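Chemist: Below you will find the structure I want to go over with you.
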Amino acid sequence: MKLSNWLARDGVERPLIWPCVTLALLCALNLWVNPHFLSLRMLDGHLFGAPIDVLNRAAPLVLVATGMTLVIATRGIDISVGAVVAIAGAAAATILATQPVPTGSLIAQALLAALIVGVLSGMWNGLLVSFVGMQPIIATLILMVAGRGIAQLLTAGQIIPIGAPGYLFVGGGYWLGVPCSVWIATIAVLATAALVEGTALGLFIRAIGVNPVATRLVGLRSKALVFAVYGFSGLTAAMAGILISSNVRSADGNNAGLLLELDAILAVTLGGTSLLGGRFSFAGTVLGALIIQTLTYTTYSIGVPPEATLVVKAAVVLAVSVIQSPAARALAMSIGMQMIKQREVAR
Amino acid sequence: MRRFFSAWAHIVDPRTLPIAVTILLFCALFGFGSVMYTGFFSWQVLLDLLVDNAFLLIVAIGMTFVIVSGGIDLSVGSVVALTTIVEAVLSERYHLSVWVIVPIVLVMGTVFGAVQGALIHFFRLQAFIVTLAGMFFARGLCFLITTQSITITDPTFHAISAFRLDIGIGSVTANVLIAFVALLGAIYVAHFTRFGRNVYAVGGNARSALLMGLPVAHTRVGVYALSGFCSALGGAVFTFYVLSGYGLQGQGMELDAIAATVIGGTLLTGGVGYVVGSLFGVGILGTIQTLITFDGTLSSWWTRIVIGALLCAFCLLQRLIERHAKSVRRPGGTGAVVTSGRERGQTEPSGASDSHVIGRAPEQA
């Protein structure tokens, strides 16, 4: 009884408790199936083991979800991130393919081009949402539809292989025994968190999410902020695109980042960021992304067909949204009140 | 002259302007194809647009209702896939007749949609997140049933698939007939029934509809159930078209359906739109594909880019119309009333802000 009270109070005050509990439960399930789940070992100077694997594979998702967190915090949504991932990968691969043995400067150009293309895509979304005033889901739907076409246009419908060692290092290399992609994702999230939470930006973004009209009337340049947030989402999607194309050593306009937008939204939701805007947490988002990747790992390791993950994800999304919804809270409150009343009557 | 003006006023009415643009665009695209490519201008090409897109038309009809009611349904594509799988499995493994299978999948689709609608209405969840989960769920179910493509060998399926009706100027398939019956039914429901009126009312302004005593809950749940029904019917038609069941079928179909609806003149803010517009929206998507096929030098990905560009153009047009309608309405005029629920929702409390605005009308204008 005391424990449930504690959980209920803490669940409201410290929303991170729920993603932590979920992740811990998933890890426990994995440990039960495979006692060596959490064990790490050094091999060729690199760390190996299931946790590293999960972190490595979750890195692109963490990046995309970080951008998505800010977008959702402004009451928006960006469903074009999967397409932007494909465009960024395609842009980098096309530039790398111009020389048989890419030089260092060409690799730098490819990376830069991918990032610029991503930011431009994000700015296009931001333009439609903040200055034209379209609903975010529709504005980003346009790029989601056209984006894969653009990516295929860049790659001419082919899957372009990537062989440049410098580029492959980004998504497949190791530094200090830890995969490069993990470093990149960690640094990106920490930098974003420092920028947003360390300055007034976080307050402004929350204000827009809570009440866009009031924020504008107060005198904040909310249009420019929303525009920038979508641009940032494009940037993180492009970084994820680089990691993914570098990891699979090819750029595929059709399948790179497929359904990634859904995973990103799921990660953000799981992390306790409200879809109604105004409340967000980067730590929660990272936890959410790790939960999704651990879930995928678990389904593989316990022998459930991987396709079942989709059903599980759907159930989790629904459960989390229902728990977050004011209607369900009101229902739970009224049931709780009734129970208290009944107990008093019994006394 | 006066008649001309009244016709012109009718065309630039914000409720009918998008659909007028759509019909013009369809004629222009088809005319362009007829001029550019030999053999394009024939009744059979026109009818083939319907033959190849009958399933999309049916799905878009359901989507039109959802968007008019102010919502969105992202689960349609995966419900189509689920329908093809269930039909194939029931036919191949359990050897049921078509006449048993189709009602089963229609009920399945309707229930699926109704559950989504209930979640959206009663828990006040956002439509896109619930239908997104529905999309995952249906797609996952497909793969849980089977990860392989099942070919249907049942002779009745083949007979329906091969059926051709000669209508003098060309021939159409059974699918086209089903789609047309669905279209006529949808027009009847939208414009001549109480349910249809309620859908428009809820889409225009859900709060007003509630205050007027309209059954908002029934309407919302009903709209998503209808969309689920249409997706299942579209899936059944798709099965007749491809004669197999596969879990990856219909990927991205939700985007095509939304694009067709929006291009067909349905306002995304809800409350305004015509079912027949979606017919022309699907027609435009089909014409683009046919044009690219006829050209031969353009690659398939141009389809996606052109559809995206068109979608963008029509969304911009909608924004212009909304702004225009607002500037007409604000000074207190009663002509050309377009109430956009979303817009009002953002400037809450709407009562206070409206009086505020009307009080300062000259400054606004």
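Ordered as shown in the structure tokens, chains take letters A, B, and onward, while each chain numbers its residues from 1 and ligands are numbered from 1 in the order shown.
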Could you please tell me, as an MDAnalysis selection string, which residues of chain B have an atom within 6 Å of chain A when using only C-alpha atoms?
Modeler: chainID B and resid 123 133 136:137 140 143 301 304:305 308
Chemist: At a cut-off of 6 Å, using only C-alpha atoms, what residues contact region 240-248 of chain B? Leave out same-chain residues fewer than 3 positions from it and give the result as a list in words.
Modeler: Ala81, Thr84, Ile85, Ala88, Cys142, Phe143, Ser149, Ile150, Thr151, Ile152, Ser161 and Val237 of chain B
Chemist: Those residues you just picked out, can you put them in a file as a PDB file, in the first residue's frame with C-alpha atoms?
Modeler:
ATOM      1  CA  ALA B  81      -3.004  -5.370 -46.119  1.00  0.00           C
ATOM      2  CA  THR B  84      -5.841  -9.249 -48.176  1.00  0.00           C
ATOM      3  CA  ILE B  85      -4.045 -11.579 -45.751  1.00  0.00           C
ATOM      4  CA  ALA B  88      -6.166 -15.260 -48.602  1.00  0.00           C
ATOM      5  CA  CYS B 142      -0.460  -9.410 -40.857  1.00  0.00           C
ATOM      6  CA  PHE B 143       3.029 -10.670 -40.131  1.00  0.00           C
ATOM      7  CA  SER B 149       2.685 -13.938 -49.891  1.00  0.00           C
ATOM      8  CA  ILE B 150      -0.297 -16.268 -50.331  1.00  0.00           C
ATOM      9  CA  THR B 151      -1.655 -16.720 -53.814  1.00  0.00           C
ATOM     10  CA  ILE B 152      -5.399 -17.279 -54.031  1.00  0.00           C
ATOM     11  CA  SER B 161     -11.413 -10.883 -60.908  1.00  0.00           C
ATOM     12  CA  VAL B 237     -11.329  -5.025 -53.984  1.00  0.00           C
TER      13      VAL B 237
END
Chemist: Rank A:Ala283, A:Ile335, A:Ala228, A:Leu70 by their smallest atom-to-atom distance to Gly126 (chain A), using only C-alpha atoms, and report the top residue only.
Modeler: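 Closest candidate: A:Ala228.
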Chemist: Which residues come within 10 Å of Asn30 (chain A), counting only C-alpha atoms, excluding same-chain residues fewer than 4 positions away, as a PyMOL selection string?
Modeler: chain A and resi 24-26+34-38+50+294-295+297-299+301-302
Chemist: Which residues, written as an mmCIF file with N, CA and C atoms, in the first residue's frame, have at least one atom at most 7 Å from Pro161 (chain A), with only C-alpha atoms counted and residues fewer than 2 positions away on the same chain left out?
Modeler:
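The resulting file, result06.cif, is reproduced below:
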data_model
loop_
_atom_site.group_PDB
_atom_site.id
_atom_site.type_symbol
_atom_site.label_atom_id
_atom_site.label_comp_id
_atom_site.auth_asym_id
_atom_site.auth_seq_id
_atom_site.Cartn_x
_atom_site.Cartn_y
_atom_site.Cartn_z
ATOM 1 N N ILE A 159 20.639 1.290 -55.105
ATOM 2 C CA ILE A 159 21.235 1.297 -53.769
ATOM 3 C C ILE A 159 22.718 1.569 -53.970
ATOM 4 N N GLY A 163 32.124 2.982 -49.784
ATOM 5 C CA GLY A 163 33.355 2.272 -49.433
ATOM 6 C C GLY A 163 34.389 3.138 -48.751
ATOM 7 N N ARG A 249 26.654 0.621 -44.852
ATOM 8 C CA ARG A 249 27.582 0.807 -45.970
ATOM 9 C C ARG A 249 26.889 1.027 -47.306
ATOM 10 N N SER A 250 25.711 1.618 -47.279
ATOM 11 C CA SER A 250 25.034 1.913 -48.539
ATOM 12 C C SER A 250 23.936 2.939 -48.282
ATOM 13 N N ALA A 251 23.472 3.557 -49.361
ATOM 14 C CA ALA A 251 22.353 4.493 -49.260
ATOM 15 C C ALA A 251 21.202 3.941 -50.085
#
Chemist: Leaving out Thr131 (chain B) and any residue of its chain fewer than 5 positions from it, which residues lie within 8 Å of it when counting only C-alpha atoms, given as a ChimeraX atom specification?
Modeler: /B:72-75,116
Chemist: I need the residues from that last selection saved to file as a PDB file, in the first residue's frame (with N, CA and C atoms), if you can.
Modeler:
ATOM      1  N   ILE B  72      -8.107  12.270 -38.728  1.00  0.00           N
ATOM      2  CA  ILE B  72      -7.250  11.689 -39.753  1.00  0.00           C
ATOM      3  C   ILE B  72      -7.125  10.204 -39.441  1.00  0.00           C
ATOM      4  N   ASP B  73      -6.964   9.381 -40.472  1.00  0.00           N
ATOM      5  CA  ASP B  73      -6.853   7.939 -40.252  1.00  0.00           C
ATOM      6  C   ASP B  73      -5.621   7.433 -40.988  1.00  0.00           C
ATOM      7  N   LEU B  74      -4.575   7.095 -40.214  1.00  0.00           N
ATOM      8  CA  LEU B  74      -3.343   6.616 -40.829  1.00  0.00           C
ATOM      9  C   LEU B  74      -3.322   5.100 -40.948  1.00  0.00           C
ATOM     10  N   SER B  75      -4.364   4.419 -40.472  1.00  0.00           N
ATOM     11  CA  SER B  75      -4.301   2.966 -40.410  1.00  0.00           C
ATOM     12  C   SER B  75      -4.834   2.308 -41.676  1.00  0.00           C
ATOM     13  N   GLN B 116     -10.884   2.267 -32.770  1.00  0.00           N
ATOM     14  CA  GLN B 116     -10.031   3.458 -32.868  1.00  0.00           C
ATOM     15  C   GLN B 116     -10.840   4.711 -32.557  1.00  0.00           C
TER      16      GLN B 116
END
Chemist: Expressed in Å to a single decimal, how great is the separation between CA of Ser181 (chain A) and CA of Glu197 (chain A)?
Modeler: 23.6 Å
Chemist: Which parts of region 10-170 of chain B does DSSP call alpha helix (DSSP H) when run on the backbone here, written out as an NGL selection string?
Modeler: :B and (10-12 or 17-36 or 43-68 or 76-92 or 98-122 or 127-145 or 155-162)
Chemist: Just give me the gap between CA of Leu195 (chain A) and CA of Gly171 (chain A) in Å, one decimal is fine.
Modeler: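 Computing it gives 24.8 Å between the two atoms.
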